[in-house]
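J.: Okay, so here is final.cif, and as you'll see once you scroll down, it has mmCIF, C-alpha atoms.
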data_data
loop_
_atom_site.label_atom_id
_atom_site.label_comp_id
_atom_site.auth_asym_id
_atom_site.auth_seq_id
_atom_site.Cartn_x
_atom_site.Cartn_y
_atom_site.Cartn_z
CA MET A 30 39.30 30.21 23.63
CA ASN A 31 37.16 28.08 21.38
CA MET A 32 34.91 25.91 23.55
CA SER A 33 33.23 24.08 20.64
CA SER A 34 33.91 20.37 20.56
CA PRO A 35 35.61 18.92 17.49
CA SER A 36 33.35 17.27 14.98
CA ASN A 37 33.23 13.49 14.94
CA PRO A 38 33.61 12.09 11.41
CA ASP A 39 31.79 8.91 12.45
CA CYS A 40 28.68 10.90 13.47
CA PRO A 41 27.49 12.92 10.46
CA THR A 42 25.73 16.18 11.17
CA PRO A 43 21.94 15.81 10.84
CA ARG A 44 20.59 17.53 7.77
CA PRO A 45 17.91 20.21 8.18
CA PRO A 46 14.29 19.23 7.40
CA ALA A 47 14.31 21.14 4.10
CA ALA A 48 17.40 19.26 2.91
CA ARG A 49 15.89 15.91 3.93
CA LEU A 50 12.67 16.75 2.08
CA LEU A 51 14.61 17.74 -1.03
CA ALA A 52 16.66 14.52 -0.88
CA LEU A 53 13.48 12.47 -0.52
CA LEU A 54 11.89 14.27 -3.47
CA LEU A 55 14.93 13.71 -5.67
CA ASP A 56 15.03 10.05 -4.63
CA VAL A 57 11.38 9.59 -5.58
CA LEU A 58 11.75 11.39 -8.92
CA ASN A 59 14.90 9.48 -9.88
CA PRO A 60 13.95 6.32 -11.84
CA LEU A 61 17.28 4.63 -11.09
CA ALA A 62 16.87 5.24 -7.35
CA LEU A 63 13.38 3.72 -7.48
CA LEU A 64 14.72 0.55 -9.06
CA ARG A 65 17.54 0.12 -6.54
CA GLN A 66 16.93 -1.98 -3.45
CA ARG A 67 16.83 0.33 -0.46
CA PRO A 68 19.39 -0.45 2.29
CA ALA A 69 17.90 -2.21 5.26
CA ARG A 70 17.28 0.02 8.24
CA SER A 71 17.92 -0.98 11.83
CA GLY A 72 15.05 -3.05 13.13
CA GLU A 73 13.91 -4.26 9.70
CA ALA A 74 13.53 -7.97 9.12
CA SER A 75 16.26 -9.76 7.23
CA GLN A 76 15.80 -11.39 3.84
CA ALA A 77 15.45 -14.83 5.41
CA ALA A 78 12.91 -13.57 7.96
CA LEU A 79 10.76 -12.10 5.16
CA ALA A 80 10.53 -15.40 3.29
CA GLY A 81 6.89 -16.35 2.79
CA LYS A 82 5.56 -13.01 4.02
CA GLY A 83 2.72 -11.22 2.28
CA VAL A 84 0.35 -14.05 1.36
CA ARG A 85 -2.69 -12.13 2.61
CA PHE A 86 -1.51 -9.07 0.72
CA VAL A 87 -1.33 -11.16 -2.46
CA GLN A 88 -4.83 -12.52 -1.90
CA ARG A 89 -6.24 -9.04 -1.32
CA ILE A 90 -4.65 -7.64 -4.49
CA TYR A 91 -5.80 -10.72 -6.40
CA ARG A 92 -9.45 -10.02 -5.61
CA LEU A 93 -9.08 -6.39 -6.61
CA ARG A 94 -7.24 -7.32 -9.81
CA VAL A 95 -9.94 -9.81 -10.82
CA ILE A 96 -12.63 -7.15 -10.38
CA GLY A 97 -10.67 -4.29 -11.91
CA LEU A 98 -9.38 -6.09 -15.00
CA GLY A 99 -12.61 -8.01 -15.51
CA VAL A 100 -14.69 -4.84 -15.58
CA GLY A 101 -11.96 -2.77 -17.23
CA PHE A 102 -11.96 -5.17 -20.20
CA PHE A 103 -15.22 -3.63 -21.41
CA CYS A 104 -13.86 -0.11 -20.99
CA VAL A 105 -10.88 -0.80 -23.26
CA ALA A 106 -12.96 -2.97 -25.61
CA ALA A 107 -15.37 -0.09 -26.22
CA GLY A 108 -12.40 2.08 -27.18
CA PHE A 109 -11.25 -0.64 -29.56
CA LEU A 110 -14.67 -0.64 -31.18
CA GLN A 111 -14.53 3.12 -31.58
CA HIS A 112 -11.06 2.93 -33.18
CA PRO A 113 -10.71 -0.61 -34.64
CA VAL A 114 -7.50 -2.49 -33.86
CA PRO A 115 -6.04 -5.78 -35.21
CA TRP A 116 -7.06 -9.07 -33.64
CA PRO A 117 -3.76 -9.67 -31.73
CA LEU A 118 -4.62 -6.69 -29.53
CA TRP A 119 -8.04 -8.19 -28.80
CA LEU A 120 -6.34 -11.47 -27.85
CA LEU A 121 -3.85 -9.67 -25.60
CA LEU A 122 -6.70 -7.73 -23.98
CA GLY A 123 -8.55 -10.95 -23.20
CA VAL A 124 -5.43 -12.58 -21.74
CA HIS A 125 -4.67 -9.53 -19.62
CA GLY A 126 -8.24 -9.13 -18.41
CA TYR A 127 -9.10 -12.71 -17.52
CA LEU A 128 -5.89 -14.77 -17.38
CA TRP A 129 -3.26 -12.40 -15.99
CA PRO A 130 -4.87 -12.04 -12.51
CA HIS A 131 -4.54 -15.79 -11.90
CA LEU A 132 -1.01 -15.95 -13.33
CA ALA A 133 0.09 -12.98 -11.21
CA ARG A 134 -1.33 -14.60 -8.08
CA GLN A 135 0.49 -17.89 -8.67
CA TRP A 136 3.70 -16.08 -9.58
CA ALA A 137 3.62 -14.09 -6.36
CA LEU A 138 2.68 -17.02 -4.11
CA ARG A 139 5.52 -19.14 -5.50
CA SER A 140 8.09 -16.39 -4.96
CA VAL A 141 10.39 -16.35 -1.94
CA ILE A 142 8.86 -13.11 -0.67
CA PRO A 143 5.24 -12.88 -1.96
CA TYR A 144 4.87 -9.27 -0.78
CA ARG A 145 7.71 -7.98 -2.94
CA ALA A 146 6.62 -10.13 -5.87
CA GLU A 147 3.12 -8.65 -5.72
CA ARG A 148 4.53 -5.13 -5.74
CA ARG A 149 6.41 -6.11 -8.90
CA ASN A 150 3.11 -7.32 -10.37
CA LEU A 151 1.55 -3.94 -9.62
CA VAL A 152 4.31 -2.25 -11.63
CA ILE A 153 3.57 -4.68 -14.48
CA ASP A 154 -0.11 -3.67 -14.22
CA ALA A 155 0.94 -0.04 -14.60
CA ALA A 156 3.02 -0.92 -17.68
CA PHE A 157 0.01 -2.67 -19.22
CA GLY A 158 -2.04 0.45 -18.49
CA GLY A 159 0.40 2.65 -20.41
CA PHE A 160 0.32 0.24 -23.33
CA TRP A 161 -3.49 0.22 -23.45
CA ILE A 162 -3.54 4.02 -23.48
CA ALA A 163 -1.31 3.92 -26.57
CA ALA A 164 -3.48 1.23 -28.18
CA LEU A 165 -6.53 3.43 -27.52
CA HIS A 166 -4.84 6.33 -29.33
CA GLY A 167 -5.16 8.40 -26.16
CA ASN A 168 -8.96 8.00 -26.01
CA LEU A 169 -9.65 10.44 -23.19
CA VAL A 170 -12.23 8.74 -20.94
CA PRO A 171 -10.79 5.18 -20.83
CA SER A 172 -7.25 6.59 -20.54
CA ALA A 173 -8.25 8.72 -17.56
CA VAL A 174 -10.00 5.74 -15.94
CA ILE A 175 -6.95 3.50 -16.43
CA ILE A 176 -4.54 6.06 -14.94
CA SER A 177 -6.85 6.80 -11.99
CA MET A 178 -7.43 3.16 -11.02
CA LEU A 179 -3.76 2.21 -11.34
CA SER A 180 -2.74 5.23 -9.27
CA MET A 181 -5.19 4.28 -6.51
CA ASP A 182 -3.81 0.73 -6.49
CA ASN A 183 -0.18 1.76 -6.21
CA ILE A 184 -0.72 4.51 -3.65
CA ALA A 185 -2.78 2.15 -1.46
CA ALA A 186 -0.27 -0.70 -1.77
CA GLY A 187 3.07 1.07 -1.58
CA GLY A 188 2.70 4.81 -1.14
CA LEU A 189 4.47 7.44 -3.21
CA ARG A 190 7.47 5.28 -4.07
CA LEU A 191 5.41 2.51 -5.69
CA PHE A 192 3.21 5.12 -7.37
CA MET A 193 6.24 6.70 -9.04
CA ARG A 194 7.57 3.31 -10.13
CA GLY A 195 4.22 2.55 -11.70
CA LEU A 196 4.08 5.98 -13.34
CA TYR A 197 7.49 5.52 -14.96
CA ALA A 198 6.49 2.01 -16.10
CA SER A 199 3.32 3.44 -17.67
CA LEU A 200 5.28 6.16 -19.47
CA VAL A 201 7.87 3.74 -20.85
CA ALA A 202 5.27 1.18 -21.98
CA GLY A 203 3.06 3.94 -23.39
CA VAL A 204 5.87 5.45 -25.49
CA LEU A 205 6.96 1.99 -26.66
CA GLY A 206 3.38 1.01 -27.54
CA TRP A 207 2.79 4.30 -29.33
CA TRP A 208 5.86 3.67 -31.47
CA LEU A 209 5.12 -0.01 -32.18
CA LEU A 210 1.45 0.53 -33.01
CA GLY A 211 1.94 3.77 -34.90
CA ALA A 212 -0.80 5.39 -32.82
CA HIS A 213 -2.40 8.73 -33.65
CA PHE A 214 -3.70 11.00 -30.92
CA GLN A 215 -7.52 10.74 -31.01
CA PRO A 216 -8.83 11.81 -27.57
CA GLN A 217 -12.54 12.00 -28.48
CA SER A 218 -14.72 9.44 -26.65
CA ASP A 219 -18.10 8.46 -28.07
CA LEU A 220 -21.15 7.71 -25.92
CA THR A 221 -20.67 3.93 -26.05
CA THR A 222 -17.12 4.22 -24.71
CA ILE A 223 -18.21 6.56 -21.91
CA LEU A 224 -21.06 4.23 -20.88
CA ALA A 225 -18.71 1.21 -20.95
CA CYS A 226 -16.34 3.00 -18.57
CA LEU A 227 -19.03 3.87 -16.01
CA PRO A 228 -19.06 0.41 -14.29
CA MET A 229 -15.30 0.62 -13.83
CA MET A 230 -15.55 4.11 -12.32
CA MET A 231 -18.28 3.01 -9.89
CA LEU A 232 -17.47 -0.58 -8.95
CA TYR A 233 -13.70 -0.55 -8.57
CA PRO A 234 -13.46 2.35 -6.07
CA LEU A 235 -16.12 0.58 -3.99
CA ALA A 236 -14.11 -2.66 -4.02
CA LEU A 237 -10.90 -0.81 -3.12
CA GLY A 238 -12.64 1.12 -0.34
CA GLN A 239 -14.15 -2.06 1.09
CA SER A 240 -10.76 -3.78 1.05
CA THR A 241 -9.10 -0.80 2.76
CA TYR A 242 -11.85 -0.66 5.39
CA LEU A 243 -11.55 -4.37 6.21
CA MET A 244 -7.77 -4.06 6.50
CA SER A 245 -7.96 -1.02 8.80
CA LYS A 246 -10.62 -2.77 10.92
CA LYS A 247 -8.43 -5.85 11.23
CA LEU A 248 -5.45 -3.70 12.25
CA ALA A 249 -7.56 -1.91 14.88
CA ASP A 250 -8.75 -5.24 16.31
CA ARG A 251 -5.19 -6.55 16.37
CA SER A 252 -4.02 -3.38 18.14
CA ARG A 253 -6.69 -3.81 20.82
CA GLN A 254 -5.68 -7.44 21.29
CA PHE A 255 -2.04 -6.47 21.74
CA GLU A 256 -3.05 -3.83 24.27
CA ILE A 257 -5.01 -6.38 26.28
CA VAL A 258 -2.21 -8.96 26.15
CA SER A 259 0.36 -6.35 27.26
CA GLN A 260 -1.67 -5.75 30.43
CA LEU A 261 -1.99 -9.40 31.47
CA ASP A 262 0.43 -11.70 33.22
CA GLY A 263 1.26 -14.61 30.94
CA LEU A 264 1.16 -17.23 33.72
CA THR A 265 -1.89 -16.26 35.80
CA LEU A 266 -3.77 -14.10 33.22
CA LEU A 267 -4.21 -11.52 35.98
CA PHE A 268 -3.61 -7.83 35.41
CA ASN A 269 0.11 -7.08 35.55
CA ARG A 270 2.09 -4.16 36.98
CA ARG A 271 1.81 -2.14 33.77
CA TYR A 272 -1.98 -2.18 33.97
CA TRP A 273 -2.05 -1.13 37.63
CA GLU A 274 0.47 1.64 37.10
CA SER A 275 -1.61 3.11 34.27
CA LEU A 276 -4.73 2.78 36.43
CA LEU A 277 -2.99 4.50 39.35
CA LEU A 278 -1.77 7.38 37.17
CA GLY A 279 -5.27 7.85 35.79
CA GLU A 280 -6.71 7.95 39.29
CA PHE A 281 -4.13 10.50 40.46
CA GLU A 282 -4.96 12.72 37.48
CA ARG A 283 -8.66 12.48 38.26
CA LEU A 284 -8.10 13.49 41.89
CA HIS A 285 -5.87 16.34 40.80
CA ARG A 286 -8.67 17.74 38.65
CA GLN A 287 -11.22 17.35 41.48
CA SER A 288 -10.12 19.54 44.38
CA SER A 289 -13.07 18.62 46.58
CA ALA A 290 -12.15 16.83 49.81
CA GLN A 291 -15.10 14.47 49.37
CA HIS A 292 -13.23 12.52 46.73
CA GLN A 293 -10.61 10.29 48.31
CA THR A 294 -8.74 7.25 47.03
CA PHE A 295 -6.84 4.65 49.01
CA LEU A 296 -4.19 2.28 47.77
CA LEU A 297 -3.83 -1.07 49.55
CA LEU A 298 -0.73 -3.17 48.93
CA LEU A 299 -0.76 -6.87 49.87
CA ASP A 300 2.26 -9.13 49.99
CA LEU A 301 1.16 -12.77 49.64
CA ASP A 302 3.71 -15.31 50.80
CA HIS A 303 4.36 -18.28 48.51
CA PHE A 304 2.19 -16.77 45.75
CA LYS A 305 3.98 -18.83 43.09
CA SER A 306 2.69 -22.05 44.64
CA ILE A 307 -0.83 -20.63 44.50
#
Spit out the file's structure as structure tokens when you get a sec.

T.:
Amino acid sequence: MNMSSPSNPDCPTPRPPAARLLALLLDVLNPLALLRQRPARSGEASQAALAGKGVRFVQRIYRLRVIGLGVGFFCVAAGFLQHPVPWPLWLLLGVHGYLWPHLARQWALRSVIPYRAERRNLVIDAAFGGFWIAALHGNLVPSAVIISMLSMDNIAAGGLRLFMRGLYASLVAGVLGWWLLGAHFQPQSDLTTILACLPMMMLYPLALGQSTYLMSKKLADRSRQFEIVSQLDGLTLLFNRRYWESLLLGEFERLHRQSSAQHQTFLLLLDLDHFKSI
């Protein structure tokens, strides 16, 4: 007699960890899947609830973008001096380095969901990076700096998924720029180009690290505040039952570890009549 229960079509069988990992990998590597809006999971905020969210995220990325593109201008400009380019590319470089950060900030802040708009701006940054690599004819040092800084941005802001979206944007823009500009692969970097890239390699990681540290510190402070609030009664601001239960469990564990009879603990319970009036 078969004692196994019939399968329920409404409850799909959970996939093994290896299958889930493979599905996640294929989803990340698939450009079309990266562009699709992921279905909302249970517990996630609705579209209306997300309206206006992410202003601080936009401001943080804005400061990093101002520093990165402002200093990175000289890195790309040195490559342009090594391999001369027409003046429209110089104009575009100036607009991207010193005007785009302010335009991106305003664009994101005026969007319905600033957080998502800023993630879109980061993908645009990655596309610009791919185009500059093509305009530099693959000049090795500035190209490596551009890819490294953009990768750090996208990983820090959106993890692997945003990193892959930025990588695909860089590849598409790079191939398109290579074709439009008729670029020729010239990876050699002269001393001037290398020296011009040094400030970018030193200053931007410091700025990104400082921003990440401040964010983690703020999250830790907020977590401690939530922990304190969860242990207080909202009306009297006295310690609530949750706090005393955790204290009692900790005391029992301490006594269990100390077998000596000299250590004793007493629990006194008081019932105050008409405490609400007090």

J.: Specify the axis-aligned box that encloses all atoms of stretch 139-146 of chain A listed in the file after padding of 3 Å on each side, stating its centre and edge lengths in Å to one decimal as AutoDock Vina command-line options.

T.:
--center_x 7.6 --center_y -13.6 --center_z -3.3 --size_x 11.5 --size_y 17.2 --size_z 11.2

J.: I'd like the contact shell of A:Ile153 - 8 Å cut-off, only C-alpha atoms, skipping same-chain residues fewer than 3 positions apart - returned as a ChimeraX atom specification.

T.: /A:149-150,156-157,195,198

J.: Rounded to one decimal, what separation in Å do you get between atom CA of A:Arg253 and atom CA of A:Ile184?

T.: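 Computing the Euclidean distance for atom CA of A:Arg253 and atom CA of A:Ile184 yields 26.5 Å.
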
J.: Could you write out as a list of chain:residue names the residues that the PyMOL selection byres ((chain A and resi 212) around 9) matches in the shown file?

T.: A:Ala163, A:Ala164, A:Leu165, A:His166, A:Gly167, A:Gly206, A:Trp207, A:Trp208, A:Leu209, A:Leu210, A:Gly211, A:His213, A:Phe214, A:Gln215

J.: Quick one: residues within 10 Å of A:Asp262, only C-alpha atoms, excluding same-chain residues fewer than 6 positions away - as an MDAnalysis selection string?

T.: chainID A and resid 268:272

J.: Which residues, named as in the file, does the PyMOL selection byres ((chain A and resi 125) around 12) pick out? Answer as a PyMOL selection string.

T.: chain A and resi 94-95+97-102+105+118-124+126-133+153-154+156-158+160-161

J.: Take atom CA of A:Phe192 and atom CA of A:Met178 and report the distance between them in Å, one decimal.

T.: 11.4 Å

J.: Excluding A:Leu237 and any residue of its chain fewer than 6 positions from it, enumerate the residues within 12 Å of it, using only C-alpha atoms, and give them as a list of chain:residue names.

T.: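 What passes the distance filter is A:Arg89, A:Ile90, A:Tyr91, A:Arg92, A:Leu93, A:Arg94, A:Val95, A:Ile96, A:Gly97, A:Met178, A:Leu179, A:Ser180, A:Met181, A:Asp182, A:Asn183, A:Ile184, A:Ala185, A:Ala186, A:Met229, A:Met230, A:Met231, A:Leu243, A:Met244.
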
J.: Can you tell me how far atom CA of A:Asp302 sits from atom CA of A:Thr265, in Å to one decimal?

T.: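 For atom CA of A:Asp302 relative to atom CA of A:Thr265, the distance reads 16.0 Å.
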
J.: Given the choices A:Val174, A:Ile307, A:Leu110, A:Leu299, which gets closest to A:Asp219 if the distance is worked out from all atoms listed in the file?

T.: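 Checking each of A:Val174, A:Ile307, A:Leu110, A:Leu299 against A:Asp219, counting all atoms listed in the file, the winner is A:Leu110.
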
J.: Please identify all polymer residues within 7 Å of stretch 223-226 of chain A, counting only C-alpha atoms, omitting same-chain residues fewer than 4 positions from it, and present them as a ChimeraX atom specification.

T.: /A:103-104,107,170-171,218-219,230

J.: Could you check the closest approach to A:Arg148 for each of A:Trp116, A:Tyr242, A:Phe86, A:Trp273 and tell me which residue wins, using all atoms listed in the file?

T.: A:Phe86

J.: Output as a PDB file, keeping the file's coordinate frame: stretch 143-165 of chain A, completed with N, CA and C atoms.

T.:
ATOM      1  N   PRO A 143       6.448 -13.216  -1.176  1.00  0.00           N
ATOM      2  CA  PRO A 143       5.240 -12.880  -1.960  1.00  0.00           C
ATOM      3  C   PRO A 143       4.921 -11.390  -1.957  1.00  0.00           C
ATOM      4  N   TYR A 144       5.198 -10.693  -0.849  1.00  0.00           N
ATOM      5  CA  TYR A 144       4.870  -9.270  -0.780  1.00  0.00           C
ATOM      6  C   TYR A 144       5.623  -8.480  -1.840  1.00  0.00           C
ATOM      7  N   ARG A 145       6.919  -8.702  -1.944  1.00  0.00           N
ATOM      8  CA  ARG A 145       7.710  -7.980  -2.940  1.00  0.00           C
ATOM      9  C   ARG A 145       7.320  -8.394  -4.354  1.00  0.00           C
ATOM     10  N   ALA A 146       7.018  -9.669  -4.547  1.00  0.00           N
ATOM     11  CA  ALA A 146       6.620 -10.130  -5.870  1.00  0.00           C
ATOM     12  C   ALA A 146       5.313  -9.476  -6.304  1.00  0.00           C
ATOM     13  N   GLU A 147       4.394  -9.286  -5.365  1.00  0.00           N
ATOM     14  CA  GLU A 147       3.120  -8.650  -5.720  1.00  0.00           C
ATOM     15  C   GLU A 147       3.314  -7.180  -6.048  1.00  0.00           C
ATOM     16  N   ARG A 148       4.218  -6.515  -5.380  1.00  0.00           N
ATOM     17  CA  ARG A 148       4.530  -5.130  -5.740  1.00  0.00           C
ATOM     18  C   ARG A 148       5.113  -5.059  -7.144  1.00  0.00           C
ATOM     19  N   ARG A 149       5.907  -6.039  -7.521  1.00  0.00           N
ATOM     20  CA  ARG A 149       6.410  -6.110  -8.900  1.00  0.00           C
ATOM     21  C   ARG A 149       5.250  -6.297  -9.871  1.00  0.00           C
ATOM     22  N   ASN A 150       4.273  -7.127  -9.507  1.00  0.00           N
ATOM     23  CA  ASN A 150       3.110  -7.320 -10.370  1.00  0.00           C
ATOM     24  C   ASN A 150       2.315  -6.038 -10.545  1.00  0.00           C
ATOM     25  N   LEU A 151       2.257  -5.211  -9.507  1.00  0.00           N
ATOM     26  CA  LEU A 151       1.550  -3.940  -9.620  1.00  0.00           C
ATOM     27  C   LEU A 151       2.261  -3.002 -10.605  1.00  0.00           C
ATOM     28  N   VAL A 152       3.571  -3.043 -10.641  1.00  0.00           N
ATOM     29  CA  VAL A 152       4.310  -2.250 -11.630  1.00  0.00           C
ATOM     30  C   VAL A 152       4.021  -2.781 -13.034  1.00  0.00           C
ATOM     31  N   ILE A 153       3.921  -4.094 -13.176  1.00  0.00           N
ATOM     32  CA  ILE A 153       3.570  -4.680 -14.480  1.00  0.00           C
ATOM     33  C   ILE A 153       2.159  -4.236 -14.891  1.00  0.00           C
ATOM     34  N   ASP A 154       1.230  -4.190 -13.934  1.00  0.00           N
ATOM     35  CA  ASP A 154      -0.110  -3.670 -14.220  1.00  0.00           C
ATOM     36  C   ASP A 154      -0.036  -2.252 -14.774  1.00  0.00           C
ATOM     37  N   ALA A 155       0.802  -1.428 -14.146  1.00  0.00           N
ATOM     38  CA  ALA A 155       0.940  -0.040 -14.600  1.00  0.00           C
ATOM     39  C   ALA A 155       1.510   0.008 -16.015  1.00  0.00           C
ATOM     40  N   ALA A 156       2.466  -0.883 -16.327  1.00  0.00           N
ATOM     41  CA  ALA A 156       3.020  -0.920 -17.680  1.00  0.00           C
ATOM     42  C   ALA A 156       1.947  -1.319 -18.690  1.00  0.00           C
ATOM     43  N   PHE A 157       1.127  -2.295 -18.347  1.00  0.00           N
ATOM     44  CA  PHE A 157       0.010  -2.670 -19.220  1.00  0.00           C
ATOM     45  C   PHE A 157      -0.914  -1.465 -19.435  1.00  0.00           C
ATOM     46  N   GLY A 158      -1.168  -0.715 -18.371  1.00  0.00           N
ATOM     47  CA  GLY A 158      -2.040   0.450 -18.490  1.00  0.00           C
ATOM     48  C   GLY A 158      -1.501   1.455 -19.496  1.00  0.00           C
ATOM     49  N   GLY A 159      -0.198   1.733 -19.435  1.00  0.00           N
ATOM     50  CA  GLY A 159       0.400   2.650 -20.410  1.00  0.00           C
ATOM     51  C   GLY A 159       0.284   2.137 -21.823  1.00  0.00           C
ATOM     52  N   PHE A 160       0.441   0.823 -21.993  1.00  0.00           N
ATOM     53  CA  PHE A 160       0.320   0.240 -23.330  1.00  0.00           C
ATOM     54  C   PHE A 160      -1.101   0.360 -23.867  1.00  0.00           C
ATOM     55  N   TRP A 161      -2.096   0.132 -22.985  1.00  0.00           N
ATOM     56  CA  TRP A 161      -3.490   0.220 -23.450  1.00  0.00           C
ATOM     57  C   TRP A 161      -3.848   1.653 -23.815  1.00  0.00           C
ATOM     58  N   ILE A 162      -3.284   2.629 -23.125  1.00  0.00           N
ATOM     59  CA  ILE A 162      -3.540   4.020 -23.480  1.00  0.00           C
ATOM     60  C   ILE A 162      -3.015   4.306 -24.896  1.00  0.00           C
ATOM     61  N   ALA A 163      -1.839   3.754 -25.215  1.00  0.00           N
ATOM     62  CA  ALA A 163      -1.310   3.920 -26.570  1.00  0.00           C
ATOM     63  C   ALA A 163      -2.180   3.198 -27.587  1.00  0.00           C
ATOM     64  N   ALA A 164      -2.627   1.976 -27.257  1.00  0.00           N
ATOM     65  CA  ALA A 164      -3.480   1.230 -28.180  1.00  0.00           C
ATOM     66  C   ALA A 164      -4.824   1.915 -28.405  1.00  0.00           C
ATOM     67  N   LEU A 165      -5.270   2.689 -27.406  1.00  0.00           N
ATOM     68  CA  LEU A 165      -6.530   3.430 -27.520  1.00  0.00           C
ATOM     69  C   LEU A 165      -6.348   4.767 -28.215  1.00  0.00           C
TER      70      LEU A 165
END
